[in-house]
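J.: Just target-v5.cif, nothing more (mmCIF, N, CA and C atoms):
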data_start
loop_
_atom_site.label_atom_id
_atom_site.label_comp_id
_atom_site.auth_asym_id
_atom_site.auth_seq_id
_atom_site.Cartn_x
_atom_site.Cartn_y
_atom_site.Cartn_z
N MET T 1213 89.37 -69.11 -10.40
CA MET T 1213 88.49 -69.72 -9.43
C MET T 1213 87.99 -68.68 -8.42
N GLU T 1214 88.90 -67.78 -7.97
CA GLU T 1214 88.49 -66.76 -7.02
C GLU T 1214 87.45 -65.82 -7.62
N SER T 1215 87.59 -65.53 -8.90
CA SER T 1215 86.60 -64.65 -9.52
C SER T 1215 85.23 -65.31 -9.56
N MET T 1216 85.19 -66.62 -9.67
CA MET T 1216 83.92 -67.36 -9.64
C MET T 1216 83.29 -67.23 -8.26
N LYS T 1217 84.11 -67.35 -7.21
CA LYS T 1217 83.59 -67.22 -5.84
C LYS T 1217 83.04 -65.82 -5.61
N ASP T 1218 83.80 -64.81 -6.08
CA ASP T 1218 83.36 -63.43 -5.89
C ASP T 1218 82.02 -63.19 -6.57
N SER T 1219 81.86 -63.71 -7.78
CA SER T 1219 80.60 -63.48 -8.49
C SER T 1219 79.45 -64.22 -7.82
N SER T 1220 79.71 -65.39 -7.24
CA SER T 1220 78.64 -66.11 -6.56
C SER T 1220 78.24 -65.39 -5.28
N VAL T 1221 79.20 -64.78 -4.61
CA VAL T 1221 78.89 -64.02 -3.40
C VAL T 1221 78.06 -62.79 -3.78
N ILE T 1222 78.43 -62.14 -4.86
CA ILE T 1222 77.70 -60.95 -5.30
C ILE T 1222 76.28 -61.33 -5.68
N SER T 1223 76.12 -62.44 -6.43
CA SER T 1223 74.77 -62.81 -6.85
C SER T 1223 73.93 -63.24 -5.66
N SER T 1224 74.53 -63.89 -4.65
CA SER T 1224 73.74 -64.27 -3.48
C SER T 1224 73.34 -63.03 -2.69
N ASN T 1225 74.21 -62.02 -2.64
CA ASN T 1225 73.85 -60.76 -1.98
C ASN T 1225 72.71 -60.08 -2.73
N ASP T 1226 72.75 -60.13 -4.06
CA ASP T 1226 71.66 -59.55 -4.85
C ASP T 1226 70.35 -60.25 -4.55
N LYS T 1227 70.41 -61.60 -4.40
CA LYS T 1227 69.19 -62.35 -4.08
C LYS T 1227 68.65 -61.95 -2.72
N ASP T 1228 69.55 -61.77 -1.74
CA ASP T 1228 69.13 -61.34 -0.41
C ASP T 1228 68.46 -59.97 -0.47
N ASP T 1229 69.07 -59.06 -1.24
CA ASP T 1229 68.51 -57.73 -1.38
C ASP T 1229 67.13 -57.79 -2.03
N ALA T 1230 67.00 -58.65 -3.05
CA ALA T 1230 65.73 -58.78 -3.75
C ALA T 1230 64.66 -59.35 -2.82
N SER T 1231 65.01 -60.36 -2.02
CA SER T 1231 64.02 -60.95 -1.12
C SER T 1231 63.65 -59.96 -0.02
N THR T 1232 64.61 -59.18 0.45
CA THR T 1232 64.32 -58.15 1.45
C THR T 1232 63.38 -57.10 0.86
N ALA T 1233 63.63 -56.71 -0.39
CA ALA T 1233 62.76 -55.73 -1.04
C ALA T 1233 61.35 -56.26 -1.19
N LYS T 1234 61.21 -57.56 -1.50
CA LYS T 1234 59.88 -58.16 -1.63
C LYS T 1234 59.15 -58.16 -0.29
N VAL T 1235 59.86 -58.49 0.78
CA VAL T 1235 59.25 -58.49 2.11
C VAL T 1235 58.82 -57.08 2.49
N GLU T 1236 59.69 -56.08 2.22
CA GLU T 1236 59.34 -54.70 2.53
C GLU T 1236 58.15 -54.25 1.70
N GLU T 1237 58.10 -54.69 0.42
CA GLU T 1237 56.97 -54.33 -0.44
C GLU T 1237 55.68 -54.91 0.11
N LYS T 1238 55.71 -56.17 0.58
CA LYS T 1238 54.51 -56.78 1.16
C LYS T 1238 54.07 -56.02 2.40
N CYS T 1239 55.03 -55.62 3.22
CA CYS T 1239 54.69 -54.88 4.44
C CYS T 1239 54.10 -53.52 4.08
N SER T 1240 54.65 -52.89 3.05
CA SER T 1240 54.16 -51.55 2.71
C SER T 1240 52.77 -51.62 2.09
N THR T 1241 52.43 -52.72 1.41
CA THR T 1241 51.10 -52.82 0.85
C THR T 1241 50.09 -53.20 1.93
N ARG T 1242 50.55 -53.74 3.03
CA ARG T 1242 49.64 -54.14 4.10
C ARG T 1242 49.17 -52.94 4.90
N MET T 1243 50.05 -52.02 5.22
CA MET T 1243 49.67 -50.86 6.03
C MET T 1243 50.20 -49.59 5.36
N PRO T 1244 49.36 -48.87 4.63
CA PRO T 1244 49.84 -47.68 3.92
C PRO T 1244 50.21 -46.56 4.89
N THR T 1245 51.03 -45.67 4.39
CA THR T 1245 51.37 -44.47 5.14
C THR T 1245 50.47 -43.36 4.63
N TYR T 1246 49.67 -42.81 5.51
CA TYR T 1246 48.71 -41.79 5.11
C TYR T 1246 49.38 -40.42 5.13
N PRO T 1247 48.99 -39.53 4.19
CA PRO T 1247 49.59 -38.20 4.17
C PRO T 1247 49.19 -37.40 5.41
N PRO T 1248 50.00 -36.42 5.79
CA PRO T 1248 49.65 -35.61 6.95
C PRO T 1248 48.35 -34.83 6.69
N LEU T 1249 47.55 -34.74 7.72
CA LEU T 1249 46.25 -34.08 7.62
C LEU T 1249 46.39 -32.61 8.01
N PRO T 1250 46.14 -31.69 7.08
CA PRO T 1250 46.23 -30.26 7.44
C PRO T 1250 45.05 -29.84 8.30
N GLU T 1251 45.12 -28.65 8.86
CA GLU T 1251 44.00 -28.13 9.65
C GLU T 1251 42.78 -28.01 8.76
N GLU T 1252 41.61 -28.15 9.38
CA GLU T 1252 40.37 -28.05 8.62
C GLU T 1252 40.21 -26.63 8.09
N PRO T 1253 40.01 -26.49 6.77
CA PRO T 1253 39.87 -25.15 6.20
C PRO T 1253 38.50 -24.55 6.52
N SER T 1254 38.45 -23.25 6.51
CA SER T 1254 37.18 -22.54 6.69
C SER T 1254 37.21 -21.35 5.75
N GLY T 1255 36.06 -20.74 5.56
CA GLY T 1255 36.02 -19.57 4.70
C GLY T 1255 34.98 -19.72 3.62
N ASP T 1256 35.34 -19.31 2.41
CA ASP T 1256 34.43 -19.29 1.27
C ASP T 1256 33.93 -20.69 0.95
N LYS T 1257 32.62 -20.88 1.03
CA LYS T 1257 32.02 -22.20 0.82
C LYS T 1257 32.20 -22.71 -0.61
N SER T 1258 32.44 -21.81 -1.56
CA SER T 1258 32.64 -22.25 -2.94
C SER T 1258 33.98 -22.95 -3.12
N LEU T 1259 34.90 -22.78 -2.17
CA LEU T 1259 36.21 -23.43 -2.23
C LEU T 1259 36.26 -24.72 -1.41
N LEU T 1260 35.18 -24.98 -0.64
CA LEU T 1260 35.18 -26.11 0.30
C LEU T 1260 34.31 -27.27 -0.18
N CYS T 1261 34.64 -28.42 0.32
CA CYS T 1261 33.89 -29.65 0.07
C CYS T 1261 33.64 -30.29 1.42
N ARG T 1262 32.38 -30.42 1.82
CA ARG T 1262 32.03 -31.03 3.12
C ARG T 1262 31.68 -32.48 2.90
N VAL T 1263 32.30 -33.35 3.70
CA VAL T 1263 32.08 -34.79 3.57
C VAL T 1263 31.70 -35.37 4.92
N GLY T 1264 30.66 -36.19 4.93
CA GLY T 1264 30.27 -36.92 6.14
C GLY T 1264 30.82 -38.33 6.07
N ILE T 1265 31.19 -38.86 7.23
CA ILE T 1265 31.80 -40.19 7.28
C ILE T 1265 31.13 -41.01 8.36
N ARG T 1266 30.70 -42.20 8.00
CA ARG T 1266 30.11 -43.15 8.95
C ARG T 1266 31.20 -44.16 9.31
N LEU T 1267 31.58 -44.16 10.58
CA LEU T 1267 32.66 -45.03 11.07
C LEU T 1267 32.11 -46.42 11.42
N PRO T 1268 32.98 -47.42 11.49
CA PRO T 1268 32.51 -48.79 11.79
C PRO T 1268 31.78 -48.93 13.12
N ASP T 1269 32.10 -48.07 14.10
CA ASP T 1269 31.43 -48.16 15.40
C ASP T 1269 30.09 -47.43 15.43
N GLY T 1270 29.65 -46.88 14.28
CA GLY T 1270 28.36 -46.21 14.19
C GLY T 1270 28.42 -44.70 14.31
N ARG T 1271 29.54 -44.16 14.77
CA ARG T 1271 29.66 -42.71 14.88
C ARG T 1271 29.67 -42.07 13.50
N ARG T 1272 29.22 -40.83 13.45
CA ARG T 1272 29.26 -40.06 12.22
C ARG T 1272 30.05 -38.79 12.49
N VAL T 1273 30.97 -38.49 11.60
CA VAL T 1273 31.78 -37.28 11.71
C VAL T 1273 31.74 -36.55 10.37
N GLN T 1274 31.99 -35.26 10.42
CA GLN T 1274 32.02 -34.44 9.21
C GLN T 1274 33.28 -33.61 9.20
N ARG T 1275 33.73 -33.29 7.98
CA ARG T 1275 34.91 -32.44 7.85
C ARG T 1275 34.87 -31.70 6.53
N ASN T 1276 35.41 -30.50 6.54
CA ASN T 1276 35.58 -29.72 5.31
C ASN T 1276 36.96 -29.98 4.74
N PHE T 1277 37.03 -30.07 3.43
CA PHE T 1277 38.28 -30.16 2.71
C PHE T 1277 38.25 -29.10 1.62
N LEU T 1278 39.40 -28.65 1.17
CA LEU T 1278 39.45 -27.78 0.01
C LEU T 1278 39.15 -28.61 -1.23
N LYS T 1279 38.48 -28.02 -2.21
CA LYS T 1279 38.18 -28.77 -3.44
C LYS T 1279 39.45 -29.17 -4.18
N THR T 1280 40.55 -28.48 -3.89
CA THR T 1280 41.82 -28.79 -4.55
C THR T 1280 42.63 -29.85 -3.80
N ASP T 1281 42.17 -30.27 -2.62
CA ASP T 1281 42.86 -31.30 -1.83
C ASP T 1281 42.70 -32.66 -2.50
N PRO T 1282 43.73 -33.51 -2.41
CA PRO T 1282 43.58 -34.87 -2.95
C PRO T 1282 42.66 -35.70 -2.05
N ILE T 1283 41.91 -36.63 -2.65
CA ILE T 1283 40.98 -37.42 -1.84
C ILE T 1283 41.71 -38.38 -0.90
N ARG T 1284 43.01 -38.53 -1.05
CA ARG T 1284 43.79 -39.35 -0.11
C ARG T 1284 43.67 -38.82 1.32
N LEU T 1285 43.37 -37.55 1.46
CA LEU T 1285 43.23 -36.98 2.80
C LEU T 1285 42.04 -37.58 3.54
N LEU T 1286 41.09 -38.17 2.81
CA LEU T 1286 39.98 -38.87 3.46
C LEU T 1286 40.50 -40.01 4.33
N TRP T 1287 41.49 -40.75 3.81
CA TRP T 1287 42.06 -41.87 4.57
C TRP T 1287 42.79 -41.34 5.81
N SER T 1288 43.48 -40.22 5.66
CA SER T 1288 44.17 -39.63 6.81
C SER T 1288 43.18 -39.23 7.88
N PHE T 1289 42.08 -38.60 7.47
CA PHE T 1289 41.07 -38.17 8.43
C PHE T 1289 40.42 -39.38 9.10
N CYS T 1290 40.04 -40.37 8.32
CA CYS T 1290 39.39 -41.57 8.88
C CYS T 1290 40.33 -42.28 9.85
N TYR T 1291 41.60 -42.39 9.47
CA TYR T 1291 42.57 -43.05 10.34
C TYR T 1291 42.69 -42.30 11.67
N SER T 1292 42.59 -40.98 11.62
CA SER T 1292 42.70 -40.19 12.85
C SER T 1292 41.48 -40.39 13.75
N GLN T 1293 40.35 -40.81 13.18
CA GLN T 1293 39.11 -40.99 13.95
C GLN T 1293 38.93 -42.42 14.46
N LEU T 1294 39.68 -43.37 13.91
CA LEU T 1294 39.51 -44.77 14.29
C LEU T 1294 40.35 -45.11 15.50
N GLU T 1295 40.06 -46.27 16.08
CA GLU T 1295 40.86 -46.77 17.19
C GLU T 1295 42.31 -46.85 16.75
N LYS T 1296 43.19 -46.61 17.64
CA LYS T 1296 44.61 -46.62 17.30
C LYS T 1296 45.17 -48.04 17.33
N ASP T 1297 44.50 -48.95 16.64
CA ASP T 1297 44.94 -50.33 16.58
C ASP T 1297 46.19 -50.45 15.72
N GLY T 1298 46.22 -49.76 14.59
CA GLY T 1298 47.40 -49.75 13.75
C GLY T 1298 47.58 -50.99 12.89
N THR T 1299 46.90 -52.08 13.22
CA THR T 1299 47.07 -53.29 12.42
C THR T 1299 45.87 -53.54 11.53
N LYS T 1300 44.79 -52.84 11.74
CA LYS T 1300 43.59 -53.06 10.94
C LYS T 1300 43.58 -52.16 9.71
N LEU T 1301 43.30 -52.76 8.58
CA LEU T 1301 43.11 -52.01 7.36
C LEU T 1301 41.64 -51.67 7.20
N PHE T 1302 41.34 -50.60 6.53
CA PHE T 1302 39.94 -50.23 6.30
C PHE T 1302 39.76 -49.81 4.85
N ARG T 1303 38.50 -49.82 4.44
CA ARG T 1303 38.16 -49.38 3.08
C ARG T 1303 37.08 -48.31 3.16
N LEU T 1304 37.01 -47.48 2.13
CA LEU T 1304 36.03 -46.42 2.06
C LEU T 1304 35.13 -46.65 0.86
N THR T 1305 33.82 -46.49 1.07
CA THR T 1305 32.85 -46.57 -0.02
C THR T 1305 31.84 -45.47 0.15
N GLU T 1306 31.25 -45.05 -0.95
CA GLU T 1306 30.15 -44.10 -0.84
C GLU T 1306 28.97 -44.83 -0.23
N ALA T 1307 28.24 -44.16 0.63
CA ALA T 1307 27.13 -44.80 1.36
C ALA T 1307 25.88 -44.84 0.51
N ILE T 1308 26.01 -45.42 -0.67
CA ILE T 1308 24.90 -45.58 -1.60
C ILE T 1308 24.86 -47.07 -1.94
N PRO T 1309 23.70 -47.70 -1.92
CA PRO T 1309 23.65 -49.12 -2.27
C PRO T 1309 24.27 -49.38 -3.65
N GLY T 1310 25.18 -50.34 -3.70
CA GLY T 1310 25.83 -50.71 -4.95
C GLY T 1310 27.01 -49.83 -5.33
N ALA T 1311 27.38 -48.88 -4.49
CA ALA T 1311 28.50 -48.00 -4.80
C ALA T 1311 29.81 -48.77 -4.70
N LYS T 1312 30.76 -48.38 -5.52
CA LYS T 1312 32.05 -49.06 -5.48
C LYS T 1312 32.98 -48.40 -4.47
N ARG T 1313 34.04 -49.12 -4.17
CA ARG T 1313 35.03 -48.64 -3.21
C ARG T 1313 35.78 -47.44 -3.76
N LEU T 1314 36.22 -46.57 -2.87
CA LEU T 1314 37.09 -45.48 -3.26
C LEU T 1314 38.51 -46.01 -3.33
N ASP T 1315 39.28 -45.52 -4.27
CA ASP T 1315 40.63 -46.02 -4.51
C ASP T 1315 41.66 -45.10 -3.85
N TYR T 1316 42.44 -45.66 -2.94
CA TYR T 1316 43.47 -44.87 -2.24
C TYR T 1316 44.53 -44.35 -3.21
N ASP T 1317 44.79 -45.09 -4.26
CA ASP T 1317 45.83 -44.71 -5.22
C ASP T 1317 45.37 -43.64 -6.21
N SER T 1318 44.14 -43.21 -6.11
CA SER T 1318 43.60 -42.20 -7.01
C SER T 1318 44.31 -40.86 -6.81
N THR T 1319 44.48 -40.15 -7.90
CA THR T 1319 45.10 -38.82 -7.82
C THR T 1319 44.06 -37.71 -7.95
N MET T 1320 42.79 -38.07 -7.84
CA MET T 1320 41.71 -37.09 -7.98
C MET T 1320 41.66 -36.15 -6.78
N THR T 1321 41.11 -34.98 -7.04
CA THR T 1321 40.87 -34.01 -5.96
C THR T 1321 39.41 -34.12 -5.55
N PHE T 1322 39.05 -33.47 -4.45
CA PHE T 1322 37.66 -33.49 -4.00
C PHE T 1322 36.75 -32.84 -5.04
N GLY T 1323 37.24 -31.79 -5.69
CA GLY T 1323 36.44 -31.12 -6.71
C GLY T 1323 36.17 -32.01 -7.90
N ASP T 1324 37.15 -32.81 -8.32
CA ASP T 1324 37.00 -33.71 -9.46
C ASP T 1324 36.19 -34.95 -9.14
N SER T 1325 36.22 -35.38 -7.90
CA SER T 1325 35.63 -36.67 -7.53
C SER T 1325 34.12 -36.65 -7.36
N GLY T 1326 33.55 -35.48 -7.13
CA GLY T 1326 32.12 -35.39 -6.90
C GLY T 1326 31.70 -35.83 -5.51
N LEU T 1327 32.62 -35.80 -4.56
CA LEU T 1327 32.32 -36.25 -3.19
C LEU T 1327 31.73 -35.15 -2.31
N ALA T 1328 31.55 -33.96 -2.85
CA ALA T 1328 31.00 -32.86 -2.05
C ALA T 1328 29.62 -33.23 -1.53
N ASN T 1329 29.39 -32.95 -0.27
CA ASN T 1329 28.10 -33.21 0.40
C ASN T 1329 27.67 -34.67 0.30
N SER T 1330 28.62 -35.57 0.36
CA SER T 1330 28.28 -36.99 0.31
C SER T 1330 28.61 -37.66 1.63
N MET T 1331 28.08 -38.87 1.80
CA MET T 1331 28.36 -39.68 2.99
C MET T 1331 29.25 -40.83 2.56
N ILE T 1332 30.32 -41.05 3.30
CA ILE T 1332 31.28 -42.11 3.04
C ILE T 1332 31.21 -43.11 4.18
N SER T 1333 31.21 -44.39 3.86
CA SER T 1333 31.22 -45.44 4.88
C SER T 1333 32.62 -46.01 5.03
N VAL T 1334 33.03 -46.21 6.27
CA VAL T 1334 34.31 -46.84 6.57
C VAL T 1334 34.01 -48.24 7.07
N ALA T 1335 34.69 -49.23 6.51
CA ALA T 1335 34.50 -50.62 6.94
C ALA T 1335 35.88 -51.26 7.09
N TRP T 1336 35.99 -52.17 8.02
CA TRP T 1336 37.24 -52.91 8.23
C TRP T 1336 37.42 -53.90 7.08
N GLU T 1337 38.65 -54.08 6.67
CA GLU T 1337 38.98 -55.07 5.63
C GLU T 1337 38.84 -56.46 6.19
#
Turn this file's structure into structure tokens for me.

T.:
Amino acid sequence: MESMKDSSVISSNDKDDASTAKVEEKCSTRMPTYPPLPEEPSGDKSLLCRVGIRLPDGRRVQRNFLKTDPIRLLWSFCYSQLEKDGTKLFRLTEAIPGAKRLDYDSTMTFGDSGLANSMISVAWE
């Protein structure tokens, strides 16, 4: 009988752990953690990719990235330029009519993505 109680306690603890993991997963999908933004590179233009960004408040900013940098750094840069609300999610799209959203989970680099000399729009989710 005691072994039955022990197994029920263990299974209920497993359920608690599983529900906690689900809650943490929901929280992590709501507000991503952006990678650290390195200093803006300068130097040989053949190694750089310049991107313009239109922010939701109408401001336009530009930044150079290395062609070997992952495009995830765009989200880091945009987050650094936005209001420090922390609760608002945003999306990035190329500023071309009918363009699709950029994917944060992409592993592409700036050189592979074709984003050099392009304009990106930031919009609130």

J.: Need to verify the contact set: segment 1253-1262 of chain T, 12 Å, only C-alpha atoms, exclusion of same-chain residues closer than 2 positions in sequence. Can you return it as a ChimeraX atom specification?

T.: /T:1249-1251,1264-1265,1273-1283,1286,1321-1332

J.: Dump N, CA and C atoms for the selected residues as an mmCIF file, in the frame of the given file?

T.:
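result35.cif, written as the output of this step:
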data_model
loop_
_atom_site.group_PDB
_atom_site.id
_atom_site.type_symbol
_atom_site.label_atom_id
_atom_site.label_comp_id
_atom_site.auth_asym_id
_atom_site.auth_seq_id
_atom_site.Cartn_x
_atom_site.Cartn_y
_atom_site.Cartn_z
ATOM 1 N N LEU T 1249 47.550 -34.740 7.720
ATOM 2 C CA LEU T 1249 46.250 -34.080 7.620
ATOM 3 C C LEU T 1249 46.390 -32.610 8.010
ATOM 4 N N PRO T 1250 46.140 -31.690 7.080
ATOM 5 C CA PRO T 1250 46.230 -30.260 7.440
ATOM 6 C C PRO T 1250 45.050 -29.840 8.300
ATOM 7 N N GLU T 1251 45.120 -28.650 8.860
ATOM 8 C CA GLU T 1251 44.000 -28.130 9.650
ATOM 9 C C GLU T 1251 42.780 -28.010 8.760
ATOM 10 N N GLY T 1264 30.660 -36.190 4.930
ATOM 11 C CA GLY T 1264 30.270 -36.920 6.140
ATOM 12 C C GLY T 1264 30.820 -38.330 6.070
ATOM 13 N N ILE T 1265 31.190 -38.860 7.230
ATOM 14 C CA ILE T 1265 31.800 -40.190 7.280
ATOM 15 C C ILE T 1265 31.130 -41.010 8.360
ATOM 16 N N VAL T 1273 30.970 -38.490 11.600
ATOM 17 C CA VAL T 1273 31.780 -37.280 11.710
ATOM 18 C C VAL T 1273 31.740 -36.550 10.370
ATOM 19 N N GLN T 1274 31.990 -35.260 10.420
ATOM 20 C CA GLN T 1274 32.020 -34.440 9.210
ATOM 21 C C GLN T 1274 33.280 -33.610 9.200
ATOM 22 N N ARG T 1275 33.730 -33.290 7.980
ATOM 23 C CA ARG T 1275 34.910 -32.440 7.850
ATOM 24 C C ARG T 1275 34.870 -31.700 6.530
ATOM 25 N N ASN T 1276 35.410 -30.500 6.540
ATOM 26 C CA ASN T 1276 35.580 -29.720 5.310
ATOM 27 C C ASN T 1276 36.960 -29.980 4.740
ATOM 28 N N PHE T 1277 37.030 -30.070 3.430
ATOM 29 C CA PHE T 1277 38.280 -30.160 2.710
ATOM 30 C C PHE T 1277 38.250 -29.100 1.620
ATOM 31 N N LEU T 1278 39.400 -28.650 1.170
ATOM 32 C CA LEU T 1278 39.450 -27.780 0.010
ATOM 33 C C LEU T 1278 39.150 -28.610 -1.230
ATOM 34 N N LYS T 1279 38.480 -28.020 -2.210
ATOM 35 C CA LYS T 1279 38.180 -28.770 -3.440
ATOM 36 C C LYS T 1279 39.450 -29.170 -4.180
ATOM 37 N N THR T 1280 40.550 -28.480 -3.890
ATOM 38 C CA THR T 1280 41.820 -28.790 -4.550
ATOM 39 C C THR T 1280 42.630 -29.850 -3.800
ATOM 40 N N ASP T 1281 42.170 -30.270 -2.620
ATOM 41 C CA ASP T 1281 42.860 -31.300 -1.830
ATOM 42 C C ASP T 1281 42.700 -32.660 -2.500
ATOM 43 N N PRO T 1282 43.730 -33.510 -2.410
ATOM 44 C CA PRO T 1282 43.580 -34.870 -2.950
ATOM 45 C C PRO T 1282 42.660 -35.700 -2.050
ATOM 46 N N ILE T 1283 41.910 -36.630 -2.650
ATOM 47 C CA ILE T 1283 40.980 -37.420 -1.840
ATOM 48 C C ILE T 1283 41.710 -38.380 -0.900
ATOM 49 N N LEU T 1286 41.090 -38.170 2.810
ATOM 50 C CA LEU T 1286 39.980 -38.870 3.460
ATOM 51 C C LEU T 1286 40.500 -40.010 4.330
ATOM 52 N N THR T 1321 41.110 -34.980 -7.040
ATOM 53 C CA THR T 1321 40.870 -34.010 -5.960
ATOM 54 C C THR T 1321 39.410 -34.120 -5.550
ATOM 55 N N PHE T 1322 39.050 -33.470 -4.450
ATOM 56 C CA PHE T 1322 37.660 -33.490 -4.000
ATOM 57 C C PHE T 1322 36.750 -32.840 -5.040
ATOM 58 N N GLY T 1323 37.240 -31.790 -5.690
ATOM 59 C CA GLY T 1323 36.440 -31.120 -6.710
ATOM 60 C C GLY T 1323 36.170 -32.010 -7.900
ATOM 61 N N ASP T 1324 37.150 -32.810 -8.320
ATOM 62 C CA ASP T 1324 37.000 -33.710 -9.460
ATOM 63 C C ASP T 1324 36.190 -34.950 -9.140
ATOM 64 N N SER T 1325 36.220 -35.380 -7.900
ATOM 65 C CA SER T 1325 35.630 -36.670 -7.530
ATOM 66 C C SER T 1325 34.120 -36.650 -7.360
ATOM 67 N N GLY T 1326 33.550 -35.480 -7.130
ATOM 68 C CA GLY T 1326 32.120 -35.390 -6.900
ATOM 69 C C GLY T 1326 31.700 -35.830 -5.510
ATOM 70 N N LEU T 1327 32.620 -35.800 -4.560
ATOM 71 C CA LEU T 1327 32.320 -36.250 -3.190
ATOM 72 C C LEU T 1327 31.730 -35.150 -2.310
ATOM 73 N N ALA T 1328 31.550 -33.960 -2.850
ATOM 74 C CA ALA T 1328 31.000 -32.860 -2.050
ATOM 75 C C ALA T 1328 29.620 -33.230 -1.530
ATOM 76 N N ASN T 1329 29.390 -32.950 -0.270
ATOM 77 C CA ASN T 1329 28.100 -33.210 0.400
ATOM 78 C C ASN T 1329 27.670 -34.670 0.300
ATOM 79 N N SER T 1330 28.620 -35.570 0.360
ATOM 80 C CA SER T 1330 28.280 -36.990 0.310
ATOM 81 C C SER T 1330 28.610 -37.660 1.630
ATOM 82 N N MET T 1331 28.080 -38.870 1.800
ATOM 83 C CA MET T 1331 28.360 -39.680 2.990
ATOM 84 C C MET T 1331 29.250 -40.830 2.560
ATOM 85 N N ILE T 1332 30.320 -41.050 3.300
ATOM 86 C CA ILE T 1332 31.280 -42.110 3.040
ATOM 87 C C ILE T 1332 31.210 -43.110 4.180
#

J.: Measuring between only N, CA and C atoms, which one of T:Lys1300, T:Glu1306, T:Arg1284, T:Thr1245 shows the shortest distance to Met1320 of chain T?

T.: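 Of T:Lys1300, T:Glu1306, T:Arg1284, T:Thr1245, the one nearest Met1320 of chain T is T:Arg1284, counting only N, CA and C atoms.
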
J.: So what do you get for atom CA of Ser1288 of chain T versus atom CA of Arg1272 of chain T, distance-wise?

T.: 15.9 Å

J.: Expressed in Å to a single decimal, how great is the separation between atom C of Glu1252 of chain T and atom CA of Leu1294 of chain T?

T.: 19.2 Å

J.: One number please: atom CA of Leu1267 of chain T to atom CA of Gly1310 of chain T, in Å, one decimal.

T.: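 It comes out at 18.3 Å.
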
J.: Restricting the calculation to only C-alpha atoms: of T:Glu1295, T:Leu1304, T:Tyr1316, T:Cys1290, which residue gets closest to Pro1244 of chain T?

T.: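 Ranked by minimum distance to Pro1244 of chain T, first place goes to T:Tyr1316.
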